[in-house]
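Asker: Could you have a look at this structure, given as structure tokens, before my questions?
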Amino acid sequence: MAGQREESARAGGVREAERPRVAARDLTLAYGDTTAATDLTFDVRPGEFVSLIGPSGCGKSSALRAVGGLLAPASGELLVDGTPVDGTPVDGPRPRDVAFVFQDLALYPWRSAVRNVEIALQFAGVGRAERRARALDALRAVGLGDVPHRFPHQLSGGMRQRVAIARALVSDASILLLDEPFAALDELSRLKIGEQLVTLLEEHGKTVLFVTHSLSEAAYLSDRIIVMTPRPATIKEVIEVPLPRPREPQVLRTPEFHALTDRLSALLLEDDPGDVR
Ligand SMILES: Nc1ncnc2c1ncn2[C@@H]1O[C@H](COP(=O)(O)OP(=O)(O)OP(=O)(O)O)[C@@H](O)[C@H]1O
């Protein structure tokens, strides 16, 4: 995905397209006296799908929050599309082009699935008919085309998560920050939905920073994987995923895939033999 897009950027000689969407340099993140992460230096390039993995509580979500402008860097530099993200009050301005899907997603309980998705477009001033068509498309893409009028309480946890993903997909934001968006799904569904999502993200030209505890999910979906140490997190290694796209579920049974997930778990085990997730 990223490869193709970078290729076309090169062919067109567009310098803008080569600039990282997200650039962190020696970034330290803290909550008062608690340092969550330190010396983080990484890029997310246009159209890339980059995962953050690491032990529980190491600072992955904090990194995502910082990119979304919800947590001010304690030191270092953080740029989104070349513009510094300083962290702002919760009701302050966000980096324009960024949308979140959190673990604890916020659907409006009184709005149906399709109307929850539409809300992203309503705020952007898109007309009623187009809003409905785009929201239905996004719901179909996440496998919810047959239940657009159900309310959140009529959907399972995994279905609610997919509504939240559909909402992020239809928004104009081209950088998506996904914090364990498939946590409520079983392993096979998360890989199936994940791969559909990657195809859709590619079609929509989205760039993704993704937090997961699932090594196979990271391996299956990502272009690159950033492996973090226990808190305060530093970057232990950045791994390019050598699997060609599009990826089919059969890839899960290949030696290349197993070698990759083995390597990821070995890296995590080195630091924390008792707590690999
Ligand atoms: N709002 C907060 N106030 C104070 N400390 C916080 C806050 N949010 C997170 N922390 C602390 O910062 C550290 C990193 O938390 P973070 O949520 O970024 O980790 P994580 O890697 O995403 O964890 P998990 O994998 O368990 O979701 C933890 O020690 C956590 O307790």
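Chain labels run A, B, ... following the order of the structure tokens; each chain numbers its residues from 1, and ligands are numbered from 1 in the order shown.
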Mind listing the residues within 10 Å of ligand 1, only C-alpha atoms and all ligand atoms counted, as a VMD selection string?
Answerer: chain A and resid 29 to 37 52 to 66 71 103 179 to 180 211 to 213 228 to 233 277
Asker: Would you mind exporting the chosen residues as an mmCIF file, in the first residue's frame, restricted to C-alpha atoms?
Answerer:
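Result written to part17.cif:
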```cif
data_model
loop_
_atom_site.group_PDB
_atom_site.id
_atom_site.type_symbol
_atom_site.label_atom_id
_atom_site.label_comp_id
_atom_site.auth_asym_id
_atom_site.auth_seq_id
_atom_site.Cartn_x
_atom_site.Cartn_y
_atom_site.Cartn_z
ATOM 1 C CA LEU A 29 5.749 12.058 27.290
ATOM 2 C CA ALA A 30 4.768 12.417 30.932
ATOM 3 C CA TYR A 31 1.846 12.746 33.320
ATOM 4 C CA GLY A 32 3.200 14.900 36.130
ATOM 5 C CA ASP A 33 6.024 12.878 37.694
ATOM 6 C CA THR A 34 5.194 9.740 35.703
ATOM 7 C CA THR A 35 7.246 9.459 32.538
ATOM 8 C CA ALA A 36 5.260 7.386 30.048
ATOM 9 C CA ALA A 37 7.744 7.373 27.165
ATOM 10 C CA LEU A 52 2.941 0.222 18.052
ATOM 11 C CA ILE A 53 3.404 -2.874 20.191
ATOM 12 C CA GLY A 54 4.887 -3.274 23.658
ATOM 13 C CA PRO A 55 4.149 -4.428 27.194
ATOM 14 C CA SER A 56 0.994 -3.276 28.925
ATOM 15 C CA GLY A 57 1.277 0.235 30.337
ATOM 16 C CA CYS A 58 4.469 1.045 28.420
ATOM 17 C CA GLY A 59 3.126 4.203 26.793
ATOM 18 C CA LYS A 60 1.587 3.193 23.464
ATOM 19 C CA SER A 61 -1.724 4.993 23.984
ATOM 20 C CA SER A 62 0.160 8.005 25.297
ATOM 21 C CA ALA A 63 2.073 8.194 22.027
ATOM 22 C CA LEU A 64 -1.221 8.085 20.134
ATOM 23 C CA ARG A 65 -2.753 10.748 22.352
ATOM 24 C CA ALA A 66 0.246 12.992 21.771
ATOM 25 C CA LEU A 71 -1.117 15.157 25.459
ATOM 26 C CA GLN A 103 -10.677 1.365 23.056
ATOM 27 C CA ASP A 179 -6.185 2.259 19.773
ATOM 28 C CA GLU A 180 -6.982 -1.460 19.909
ATOM 29 C CA VAL A 211 -1.950 0.232 18.849
ATOM 30 C CA THR A 212 -2.502 -3.460 19.439
ATOM 31 C CA HIS A 213 -1.600 -6.227 21.863
ATOM 32 C CA MET A 228 8.541 -0.546 22.468
ATOM 33 C CA THR A 229 10.244 -1.364 25.774
ATOM 34 C CA PRO A 230 8.500 -1.417 29.161
ATOM 35 C CA ARG A 231 7.666 1.988 30.658
ATOM 36 C CA PRO A 232 9.080 4.493 30.297
ATOM 37 C CA ALA A 233 8.855 3.318 26.709
ATOM 38 C CA ARG A 277 0.929 -9.635 25.459
#
```
Asker: Leaving out Pro84 of chain A and any residue of its chain fewer than 6 positions from it, which residues lie within 10 Å of it when counting only C-alpha atoms, given as a list in words?
Answerer: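 Contacts, in chain order: Val22, Ala23, Ala24, Val67, Gly69, Glu77, Leu78 and Pro95 of chain A.
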Asker: Mind checking which residues fall within 12 Å of segment 265-268 of chain A, counting only C-alpha atoms, ignoring those fewer than 3 positions away in the same chain, and posting them as number ranges by chain?
Answerer: A: 53-56, 58, 213-216, 218-219, 225-230, 235-239, 258-262, 271-277
Asker: Among segment 86-171 of chain A, which residues does DSSP mark as strand (DSSP E or B) when it is run on the backbone? Keep the chain and numbering as in the structure and answer as a VMD selection string.
Answerer: chain A and resid 98 to 101
Asker: Those residues with N, CA and C atoms, as a PDB file, in the first residue's frame please?
Answerer:
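Writing done, so here's result-v2.pdb:
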```pdb
ATOM      1  N   VAL A  98      -6.655  14.554  11.750  1.00  0.00           N
ATOM      2  CA  VAL A  98      -6.493  13.366  12.581  1.00  0.00           C
ATOM      3  C   VAL A  98      -7.830  12.922  13.165  1.00  0.00           C
ATOM      4  N   ALA A  99      -8.122  11.601  13.089  1.00  0.00           N
ATOM      5  CA  ALA A  99      -9.314  11.059  13.754  1.00  0.00           C
ATOM      6  C   ALA A  99      -8.904   9.876  14.628  1.00  0.00           C
ATOM      7  N   PHE A 100      -9.559   9.739  15.776  1.00  0.00           N
ATOM      8  CA  PHE A 100      -9.278   8.665  16.730  1.00  0.00           C
ATOM      9  C   PHE A 100     -10.331   7.567  16.677  1.00  0.00           C
ATOM     10  N   VAL A 101      -9.912   6.312  16.887  1.00  0.00           N
ATOM     11  CA  VAL A 101     -10.856   5.300  17.361  1.00  0.00           C
ATOM     12  C   VAL A 101     -10.232   4.727  18.635  1.00  0.00           C
TER      13      VAL A 101
END
```
Asker: For segment 157-164 of chain A, work out the shell of residues within 12 Å, counting only C-alpha atoms and skipping chain neighbours fewer than 6 positions away, then give it as a PyMOL selection string.
Answerer: chain A and resi 99-109+111-120+135-151+170-171+176+178-187+189-190+193-194+196-197
Asker: Quick check for you: according to DSSP on this backbone, which residues of segment 19-192 of chain A are classed as helix (DSSP H, G or I)? Reply as a VMD selection string.
Answerer: chain A and resid 60 to 67 113 to 123 128 to 141 152 to 154 157 to 170 187 to 192
Asker: Quick one, how far is atom CA of Phe49 of chain A from atom CA of Lys192 of chain A?
Answerer: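 Atom-to-atom, atom CA of Phe49 of chain A to atom CA of Lys192 of chain A, that is 16.2 Å.
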Asker: Atom CA of Leu40 of chain A and atom CA of Thr28 of chain A, how far apart in Å?
Answerer: 6.7 Å
Asker: As an exercise, work out the distance from atom CA of Ala124 of chain A to atom CA of Gly205 of chain A in Å and give it to one decimal place.
Answerer: 18.5 Å
Asker: With only C-alpha atoms as the counted atoms, please give the residues lying no more than 8 Å from Arg131 of chain A, apart from itself and same-chain residues fewer than 3 positions off, as a list of chain:residue names.
Answerer: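 That gives A:Glu118, A:Leu121, A:Gln122, A:Val126, A:Gly127, A:Arg128, A:Arg134, A:Ala135.
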Asker: Let's have the selection written as a PDB file, in the first residue's frame, with N, CA and C atoms.
Answerer:
```pdb
ATOM      1  N   GLU A 118     -22.873   8.983  10.270  1.00  0.00           N
ATOM      2  CA  GLU A 118     -23.140  10.244   9.562  1.00  0.00           C
ATOM      3  C   GLU A 118     -22.646  11.475  10.308  1.00  0.00           C
ATOM      4  N   LEU A 121     -19.795  13.406   9.174  1.00  0.00           N
ATOM      5  CA  LEU A 121     -19.977  14.204   7.951  1.00  0.00           C
ATOM      6  C   LEU A 121     -20.874  15.414   8.211  1.00  0.00           C
ATOM      7  N   GLN A 122     -21.773  15.239   9.169  1.00  0.00           N
ATOM      8  CA  GLN A 122     -22.665  16.344   9.529  1.00  0.00           C
ATOM      9  C   GLN A 122     -21.833  17.535  10.015  1.00  0.00           C
ATOM     10  N   VAL A 126     -21.531  18.152   5.143  1.00  0.00           N
ATOM     11  CA  VAL A 126     -21.909  17.387   3.944  1.00  0.00           C
ATOM     12  C   VAL A 126     -23.444  17.238   3.918  1.00  0.00           C
ATOM     13  N   GLY A 127     -24.032  17.368   2.727  1.00  0.00           N
ATOM     14  CA  GLY A 127     -25.499  17.318   2.581  1.00  0.00           C
ATOM     15  C   GLY A 127     -26.080  15.961   2.962  1.00  0.00           C
ATOM     16  N   ARG A 128     -27.394  15.972   3.256  1.00  0.00           N
ATOM     17  CA  ARG A 128     -28.062  14.806   3.826  1.00  0.00           C
ATOM     18  C   ARG A 128     -27.932  13.537   2.962  1.00  0.00           C
ATOM     19  N   ARG A 134     -22.600   7.826   1.934  1.00  0.00           N
ATOM     20  CA  ARG A 134     -21.219   7.532   2.371  1.00  0.00           C
ATOM     21  C   ARG A 134     -21.212   6.719   3.661  1.00  0.00           C
ATOM     22  N   ALA A 135     -22.152   7.014   4.551  1.00  0.00           N
ATOM     23  CA  ALA A 135     -22.215   6.279   5.824  1.00  0.00           C
ATOM     24  C   ALA A 135     -22.594   4.816   5.567  1.00  0.00           C
TER      25      ALA A 135
END
```
Asker: Report as a PyMOL selection string all protein, DNA and RNA residues lying within 9 Å of Val50 of chain A, evaluated on only C-alpha atoms, omitting residues in the same chain fewer than 5 positions from it.
Answerer: chain A and resi 44-45+207-211+218+221-226
Asker: Any chance you could export the current selection's N, CA and C atoms as a CSV table (one decimal), in the first residue's frame?
Answerer:
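Saved file out_3.csv follows:
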```
chain,number,residue,atom,x,y,z
A,44,VAL,N,5.9,8.4,10.5
A,44,VAL,CA,4.8,7.6,9.8
A,44,VAL,C,4.7,8.3,8.4
A,45,ARG,N,5.0,7.5,7.4
A,45,ARG,CA,5.0,8.1,6.0
A,45,ARG,C,3.6,8.1,5.4
A,207,THR,N,-3.6,7.3,6.3
A,207,THR,CA,-2.3,6.9,7.0
A,207,THR,C,-2.8,6.5,8.4
A,208,VAL,N,-2.2,5.4,8.9
A,208,VAL,CA,-2.7,4.8,10.2
A,208,VAL,C,-1.5,4.6,11.2
A,209,LEU,N,-1.8,5.0,12.4
A,209,LEU,CA,-1.0,4.6,13.5
A,209,LEU,C,-1.9,3.8,14.5
A,210,PHE,N,-1.4,2.6,14.8
A,210,PHE,CA,-2.3,1.6,15.3
A,210,PHE,C,-1.7,1.0,16.5
A,211,VAL,N,-2.4,0.9,17.6
A,211,VAL,CA,-2.0,0.2,18.8
A,211,VAL,C,-2.7,-1.1,19.0
A,218,ALA,N,-0.7,-7.2,14.4
A,218,ALA,CA,0.3,-6.2,13.9
A,218,ALA,C,1.0,-6.7,12.7
A,221,LEU,N,-1.4,-6.8,9.5
A,221,LEU,CA,-1.9,-5.5,8.9
A,221,LEU,C,-0.9,-4.4,8.6
A,222,SER,N,0.3,-4.5,9.2
A,222,SER,CA,1.2,-3.4,9.2
A,222,SER,C,2.2,-3.3,8.0
A,223,ASP,N,2.6,-2.1,7.6
A,223,ASP,CA,3.8,-2.0,6.8
A,223,ASP,C,5.0,-2.0,7.7
A,224,ARG,N,4.9,-1.3,8.8
A,224,ARG,CA,6.1,-1.4,9.8
A,224,ARG,C,5.5,-1.5,11.2
A,225,ILE,N,6.3,-2.1,12.1
A,225,ILE,CA,5.9,-2.3,13.5
A,225,ILE,C,7.0,-1.7,14.4
A,226,ILE,N,6.5,-0.8,15.2
A,226,ILE,CA,7.5,-0.2,16.2
A,226,ILE,C,7.3,-1.0,17.5
```
Asker: Hey, which of A:Glu202, A:Asp97, A:Glu217, A:Glu240 ends up closest to Asp172 of chain A? Count only C-alpha atoms.
Answerer: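 Between A:Glu202, A:Asp97, A:Glu217, A:Glu240, the residue approaching Asp172 of chain A most closely is A:Asp97.
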